[in-house]
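See below for input_4.cif, which holds mmCIF, C-alpha atoms.
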```cif
data_protein
loop_
_atom_site.label_atom_id
_atom_site.label_comp_id
_atom_site.auth_asym_id
_atom_site.auth_seq_id
_atom_site.Cartn_x
_atom_site.Cartn_y
_atom_site.Cartn_z
CA MET G 1 115.99 98.92 140.91
CA GLU G 2 113.90 97.49 143.75
CA SER G 3 110.73 95.52 142.93
CA ARG G 4 108.64 98.31 144.51
CA GLU G 5 110.20 100.90 142.19
CA PHE G 6 109.78 98.54 139.23
CA ILE G 7 106.03 98.15 139.87
CA ALA G 8 105.61 101.90 140.48
CA SER G 9 107.33 102.75 137.17
CA LEU G 10 105.30 100.09 135.35
CA VAL G 11 101.90 101.23 136.64
CA ALA G 12 102.68 104.97 136.52
CA GLY G 13 104.07 104.77 132.98
CA GLY G 14 101.13 102.73 131.71
CA CYS G 15 98.52 105.03 133.29
CA ALA G 16 100.28 108.14 131.96
CA GLY G 17 100.39 106.69 128.44
CA MET G 18 96.68 105.83 128.49
CA CYS G 19 95.76 109.32 129.76
CA VAL G 20 97.61 111.06 126.92
CA ASP G 21 96.69 108.82 123.99
CA LEU G 22 92.98 108.75 124.74
CA THR G 23 92.59 112.38 125.81
CA LEU G 24 94.42 113.88 122.83
CA PHE G 25 93.54 111.31 120.17
CA PRO G 26 91.65 113.78 117.88
CA LEU G 27 94.80 115.93 117.54
CA ASP G 28 96.78 112.84 116.56
CA THR G 29 94.22 112.00 113.86
CA ILE G 30 94.42 115.53 112.42
CA LYS G 31 98.23 115.38 112.41
CA THR G 32 98.24 112.01 110.62
CA ARG G 33 95.83 113.22 107.93
CA LEU G 34 97.84 116.40 107.37
CA GLN G 35 100.97 114.32 106.83
CA SER G 36 99.37 111.65 104.60
CA GLN G 37 100.31 111.64 100.92
CA GLN G 38 96.66 111.78 99.83
CA GLY G 39 96.08 115.10 101.62
CA PHE G 40 94.03 116.13 104.65
CA TYR G 41 90.50 116.16 103.20
CA ARG G 42 90.90 113.04 101.04
CA ALA G 43 92.21 111.24 104.12
CA GLY G 44 88.99 112.06 105.99
CA GLY G 45 89.30 115.70 107.04
CA PHE G 46 87.47 116.21 110.33
CA ARG G 47 85.23 113.15 109.84
CA GLY G 48 85.65 110.05 112.01
CA ILE G 49 88.09 111.81 114.30
CA TYR G 50 88.24 108.81 116.65
CA ALA G 51 88.96 106.25 113.91
CA GLY G 52 91.67 103.88 115.16
CA VAL G 53 91.23 104.67 118.86
CA PRO G 54 90.92 100.97 119.92
CA SER G 55 94.43 100.33 118.58
CA ALA G 56 95.78 103.31 120.51
CA ALA G 57 94.00 102.17 123.68
CA LEU G 58 95.43 98.65 123.47
CA GLY G 59 98.97 99.76 122.67
CA SER G 60 99.41 102.80 124.91
CA PHE G 61 99.52 101.16 128.38
CA PRO G 62 102.08 98.39 127.64
CA SER G 63 104.31 100.58 125.43
CA ALA G 64 104.43 103.47 127.92
CA ALA G 65 104.98 101.04 130.80
CA ALA G 66 107.83 99.35 128.89
CA PHE G 67 109.43 102.73 128.20
CA PHE G 68 109.43 103.96 131.80
CA VAL G 69 110.53 100.66 133.33
CA THR G 70 113.49 100.58 130.92
CA TYR G 71 114.18 104.31 131.41
CA GLU G 72 114.19 104.18 135.21
CA TYR G 73 116.13 100.90 135.37
CA THR G 74 118.81 102.18 132.94
CA LYS G 75 119.11 105.48 134.86
CA SER G 76 119.51 103.53 138.10
CA PHE G 77 122.01 101.08 136.59
CA LEU G 78 124.20 103.67 134.85
CA GLY G 79 124.08 106.06 137.79
CA SER G 80 125.09 103.43 140.35
CA GLY G 81 128.77 103.39 139.42
CA GLY G 82 131.49 104.23 136.90
CA MET G 83 132.07 107.51 135.09
CA LEU G 84 128.35 108.05 134.46
CA LYS G 85 127.78 108.36 138.21
CA ASP G 86 129.15 111.92 138.08
CA PRO G 87 126.25 114.45 138.23
CA SER G 88 128.01 116.56 135.57
CA VAL G 89 127.31 113.88 132.95
CA ALA G 90 123.75 113.16 134.13
CA SER G 91 122.38 114.30 130.76
CA VAL G 92 124.34 111.51 129.04
CA THR G 93 122.72 108.98 131.38
CA HIS G 94 119.28 110.42 130.60
CA MET G 95 119.97 110.29 126.85
CA LEU G 96 121.10 106.66 126.94
CA ALA G 97 118.22 105.63 129.21
CA ALA G 98 115.63 107.38 127.03
CA SER G 99 117.06 105.92 123.80
CA LEU G 100 116.99 102.37 125.15
CA GLY G 101 113.52 102.93 126.60
CA GLU G 102 112.16 104.11 123.24
CA THR G 103 113.67 101.15 121.38
CA VAL G 104 112.01 98.67 123.76
CA ALA G 105 108.69 100.54 123.69
CA CYS G 106 108.66 100.56 119.87
CA LEU G 107 108.44 96.76 119.85
CA ILE G 108 104.91 97.23 121.24
CA ARG G 109 104.08 100.68 119.88
CA VAL G 110 104.78 100.15 116.15
CA PRO G 111 102.16 97.42 115.43
CA ALA G 112 99.51 99.51 117.23
CA GLU G 113 100.67 102.62 115.37
CA VAL G 114 100.50 100.94 111.94
CA VAL G 115 96.90 99.78 112.47
CA LYS G 116 95.90 103.08 114.09
CA GLN G 117 97.29 105.34 111.36
CA ARG G 118 95.88 103.29 108.51
CA THR G 119 92.47 103.34 110.16
CA GLN G 120 92.76 107.11 110.68
CA VAL G 121 93.07 107.70 106.92
CA SER G 122 90.60 104.95 105.91
CA THR G 123 87.52 105.70 108.00
CA SER G 124 85.43 103.05 106.23
CA PHE G 125 87.55 100.36 107.93
CA SER G 126 87.26 99.39 111.59
CA THR G 127 90.40 98.79 113.66
CA TYR G 128 89.81 95.01 113.63
CA HIS G 129 89.18 94.96 109.87
CA MET G 130 92.37 96.95 109.25
CA LEU G 131 94.37 94.52 111.41
CA VAL G 132 93.01 91.58 109.41
CA VAL G 133 93.83 93.34 106.11
CA VAL G 134 97.43 94.06 107.20
CA LEU G 135 98.00 90.46 108.36
CA LYS G 136 96.41 89.03 105.22
CA GLU G 137 98.35 91.20 102.77
CA GLU G 138 101.71 91.58 104.51
CA GLY G 139 101.76 89.16 107.44
CA VAL G 140 103.26 90.00 110.84
CA ARG G 141 106.06 91.83 109.04
CA GLY G 142 103.48 94.37 107.87
CA LEU G 143 102.73 95.29 111.48
CA TYR G 144 106.36 96.35 111.85
CA ARG G 145 106.41 98.48 108.69
CA GLY G 146 108.14 101.69 109.69
CA PHE G 147 109.83 100.23 112.78
CA SER G 148 113.23 101.67 111.83
CA SER G 149 111.79 105.08 110.97
CA THR G 150 109.83 105.12 114.24
CA VAL G 151 112.93 104.28 116.29
CA LEU G 152 114.94 106.87 114.33
CA ARG G 153 112.24 109.43 115.14
CA GLU G 154 111.84 108.49 118.79
CA ILE G 155 115.53 108.40 119.72
CA PRO G 156 116.32 111.98 118.57
CA PHE G 157 113.03 113.06 120.15
CA SER G 158 114.02 111.50 123.48
CA LEU G 159 117.56 112.86 123.22
CA VAL G 160 116.00 116.33 123.24
CA GLN G 161 112.96 115.85 125.49
CA PHE G 162 114.18 113.87 128.49
CA PRO G 163 117.54 115.58 129.17
CA LEU G 164 115.76 118.94 128.76
CA TRP G 165 112.94 117.80 131.09
CA GLU G 166 115.41 116.58 133.74
CA TYR G 167 117.50 119.77 133.37
CA LEU G 168 114.47 122.09 133.74
CA LYS G 169 113.27 120.16 136.80
CA THR G 170 116.72 120.34 138.41
CA GLN G 171 117.11 124.08 137.75
CA TRP G 172 113.60 124.94 138.98
CA SER G 173 114.00 122.72 142.05
CA GLN G 174 117.32 124.34 142.98
CA ARG G 175 115.85 127.84 142.66
CA ARG G 176 112.80 126.90 144.73
CA GLY G 177 114.84 124.99 147.28
CA HIS G 178 112.50 121.99 147.34
CA THR G 179 111.34 119.05 145.24
CA LEU G 180 108.95 120.18 142.53
CA HIS G 181 105.24 119.48 142.72
CA SER G 182 103.78 117.20 140.05
CA TRP G 183 102.23 120.13 138.15
CA GLN G 184 105.60 121.90 138.03
CA ALA G 185 107.28 118.77 136.63
CA ALA G 186 104.41 118.60 134.14
CA LEU G 187 105.08 122.18 132.94
CA CYS G 188 108.72 121.28 132.36
CA GLY G 189 107.54 118.25 130.40
CA ALA G 190 105.21 120.37 128.26
CA PHE G 191 107.98 122.77 127.24
CA ALA G 192 110.51 120.00 126.61
CA GLY G 193 107.96 118.08 124.53
CA ALA G 194 107.10 121.09 122.34
CA VAL G 195 110.78 121.75 121.54
CA ALA G 196 111.44 118.07 120.75
CA ALA G 197 108.30 117.84 118.59
CA LEU G 198 109.31 120.76 116.39
CA VAL G 199 112.89 119.56 115.91
CA THR G 200 111.89 116.01 114.93
CA ASN G 201 108.79 116.77 112.82
CA PRO G 202 110.42 115.88 109.44
CA LEU G 203 111.23 112.42 110.82
CA ASP G 204 107.61 112.07 111.92
CA VAL G 205 106.44 112.96 108.39
CA ALA G 206 108.74 110.27 106.96
CA LYS G 207 107.46 107.71 109.47
CA THR G 208 103.83 108.47 108.62
CA ARG G 209 104.44 108.26 104.85
CA ILE G 210 106.24 104.90 105.23
CA MET G 211 103.49 103.39 107.40
CA LEU G 212 100.71 104.54 105.06
CA ALA G 213 102.42 103.64 101.76
CA LYS G 214 101.11 100.83 99.58
CA ALA G 215 102.92 97.52 99.99
CA GLY G 216 105.70 97.14 97.43
CA SER G 217 106.03 100.87 96.71
CA THR G 218 109.34 102.73 96.97
CA THR G 219 108.14 104.61 100.05
CA ALA G 220 107.13 101.36 101.77
CA SER G 221 110.75 100.16 101.61
CA GLY G 222 111.48 102.47 104.52
CA ASN G 223 114.32 104.50 103.03
CA ILE G 224 114.05 107.62 105.22
CA PRO G 225 116.45 109.92 103.27
CA LEU G 226 114.64 108.99 100.04
CA VAL G 227 111.23 109.77 101.55
CA LEU G 228 112.44 113.09 102.97
CA CYS G 229 113.97 114.06 99.61
CA ASP G 230 110.70 113.22 97.86
CA VAL G 231 108.70 115.34 100.33
CA TRP G 232 111.19 118.21 99.92
CA LYS G 233 110.96 118.09 96.11
CA ARG G 234 107.15 117.96 96.08
CA GLN G 235 106.24 120.24 98.98
CA GLY G 236 109.42 121.89 100.23
CA LEU G 237 109.77 123.01 103.85
CA THR G 238 105.99 123.10 104.23
CA GLY G 239 105.83 119.36 103.55
CA LEU G 240 108.61 118.51 105.99
CA PHE G 241 106.82 120.42 108.75
CA ALA G 242 103.29 119.31 107.80
CA GLY G 243 101.25 118.69 110.93
CA SER G 244 103.84 120.40 113.14
CA ILE G 245 101.27 122.64 114.89
CA PRO G 246 98.90 119.82 115.96
CA ARG G 247 101.94 117.65 116.74
CA MET G 248 103.52 120.32 118.96
CA THR G 249 100.16 120.96 120.61
CA PHE G 250 99.59 117.22 121.07
CA ILE G 251 103.04 116.56 122.50
CA SER G 252 103.14 119.73 124.62
CA MET G 253 99.77 118.94 126.19
CA GLY G 254 100.73 115.28 126.18
CA GLY G 255 104.02 116.06 127.92
CA PHE G 256 102.11 117.95 130.62
CA ILE G 257 99.67 115.07 131.17
CA PHE G 258 102.13 112.23 130.52
CA LEU G 259 105.06 113.35 132.64
CA GLY G 260 102.84 115.01 135.25
CA ALA G 261 100.66 111.92 135.65
CA TYR G 262 103.78 109.74 135.73
CA GLU G 263 105.42 111.78 138.49
CA LYS G 264 102.20 111.97 140.54
CA THR G 265 101.33 108.26 140.21
CA ARG G 266 104.89 107.10 140.88
CA ARG G 267 105.26 109.28 143.98
CA THR G 268 101.88 108.11 145.29
CA LEU G 269 102.81 104.46 144.82
CA LEU G 270 106.21 104.93 146.47
CA SER G 271 104.96 107.00 149.42
#
```

If you convert what's in this file into structure tokens, what do you get?
Amino acid sequence: MESREFIASLVAGGCAGMCVDLTLFPLDTIKTRLQSQQGFYRAGGFRGIYAGVPSAALGSFPSAAAFFVTYEYTKSFLGSGGMLKDPSVASVTHMLAASLGETVACLIRVPAEVVKQRTQVSTSFSTYHMLVVVLKEEGVRGLYRGFSSTVLREIPFSLVQFPLWEYLKTQWSQRRGHTLHSWQAALCGAFAGAVAALVTNPLDVAKTRIMLAKAGSTTASGNIPLVLCDVWKRQGLTGLFAGSIPRMTFISMGGFIFLGAYEKTRRTLLS
């Protein structure tokens, strides 16, 4: 990847991430409260809908930038030679690139997510106060509570979303006979995001429960199968897909803004 492409991916990815996280933050808060163990109304209901937004604002640009730089570099590297150069296995390249990108991004995203989600369900605490509480009670390790569950949610999500996004763009472009406009790429992103959001919702529920659990509890240990079994026993299928509607709406709209803004910004910077 050339330095010009690197900078374009960095800036475009960061800007796209900021656009989504700040524009659709209220939907994210509703989803988090629906998934919390204490229940929607006890977690705050519709009050303080922007609680935790500073954490999202600080984490969104660098995490999204890290994802797209890694994604584009890996695509370029894997597609430059060897068996993965063949267009027929392009989806494998996209899957590997997206998985690696999500893992790198989670190093930045998870601490911001922990503080954000705990603030979303504890509206009496400010973002700064919540950060201090986490560091005081659990140290830096507490900021990475749920790292494994987040990665295990993001990788399957990306394995669905990005190959589907690339496939839809390719098919639409071939039928139209020209490179898609940014809004067309954004529509593909919206559809791919909605499908991926629905499929991976149980993993998102587990991630939320782990991040919000009290330190030292069984849930806080991060055992995903155990958490999912507990949700299934207590709430059944409804519990596993709690928050799926706002999550699908968030990610569908987010996919439109995120991938559309990314394509538009990157093309502008490279033109």

Set the distance at 9 Å and use only C-alpha atoms: which residues neighbour Arg4 of chain G once local chain neighbours fewer than 3 positions away are removed? I'd like the list as a VMD selection string. chain G and resid 1 7 to 9 269 to 270

Expected file contents, prior selection, C-alpha atoms, as a PDB file, in the coordinates of the input:
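See out.pdb below for the written result:
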```
ATOM      1  CA  MET G   1     115.990  98.920 140.910  1.00  0.00           C
ATOM      2  CA  ILE G   7     106.030  98.150 139.870  1.00  0.00           C
ATOM      3  CA  ALA G   8     105.610 101.900 140.480  1.00  0.00           C
ATOM      4  CA  SER G   9     107.330 102.750 137.170  1.00  0.00           C
ATOM      5  CA  LEU G 269     102.810 104.460 144.820  1.00  0.00           C
ATOM      6  CA  LEU G 270     106.210 104.930 146.470  1.00  0.00           C
TER       7      LEU G 270
END
```

With the PyMOL selection byres ((chain G and resi 33) around 12) as the selection, what would be picked from this file? Answer as a ChimeraX atom specification, please. /G:26-32,34-49,51,116-123,205,208-209,212,242-244,246-247

Result set of the PyMOL selection byres ((chain G and resi 157) around 9) on the coordinates above, as a ChimeraX atom specification: /G:99,152-156,158-162,193,196-197,199-200

Take the PyMOL selection byres ((chain G and resi 62-77) around 6), apply it to the structure above, and return the hits as a list in words.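 Here the PyMOL selection byres ((chain G and resi 62-77) around 6) matches Met1, Ser9, Leu10, Gly13, Gly14, Gly17, Ser60, Phe61, Leu78, Gly79, Ser80, Ala97, Ala98, Gly101, Glu102, Ala105, Ile108 and Arg109 of chain G.
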
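Note that atom CA of Leu22 of chain G and atom CA of Gly59 of chain G are 11.0 Å apart.
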
Extract, using all atoms listed in the file, all DNA, RNA and protein residues at most 8 Å from Cys106 of chain G, discarding same-chain residues fewer than 5 positions from it, and format them as a ChimeraX atom specification. /G:63,147,150-151

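When the distance limit is 9 Å and all atoms listed in the file are what count, the residues near Val140 of chain G, minus those fewer than 5 positions from it on the same chain, are Pro111, Val134 and Leu135 of chain G.
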
Pick from G:Ile257, G:Cys19, G:Arg267, G:Ser221: nearest to Thr179 of chain G, with all atoms listed in the file counted?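 Among the listed residues, G:Arg267 lies closest to Thr179 of chain G.
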
Point-to-point distance in Å for atom CA of Gly189 of chain G and atom CA of Gly255 of chain G: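 According to the coordinates, atom CA of Gly255 of chain G and atom CA of Gly189 of chain G are separated by 4.8 Å.
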
List as number ranges by chain the protein and nucleic acid residues near segment 169-178 of chain G, meaning an atom at most 12 Å away when all atoms listed in the file are counted, but skip any in the same chain fewer than 4 places from it. G: 87, 90-91, 162-165, 182-192, 259-260, 263

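Among the candidates G:Ile251, G:Ala261, G:Ala206, G:Val114, the residue lying nearest to Ile224 of chain G is G:Ala206 (atoms considered: all atoms listed in the file).
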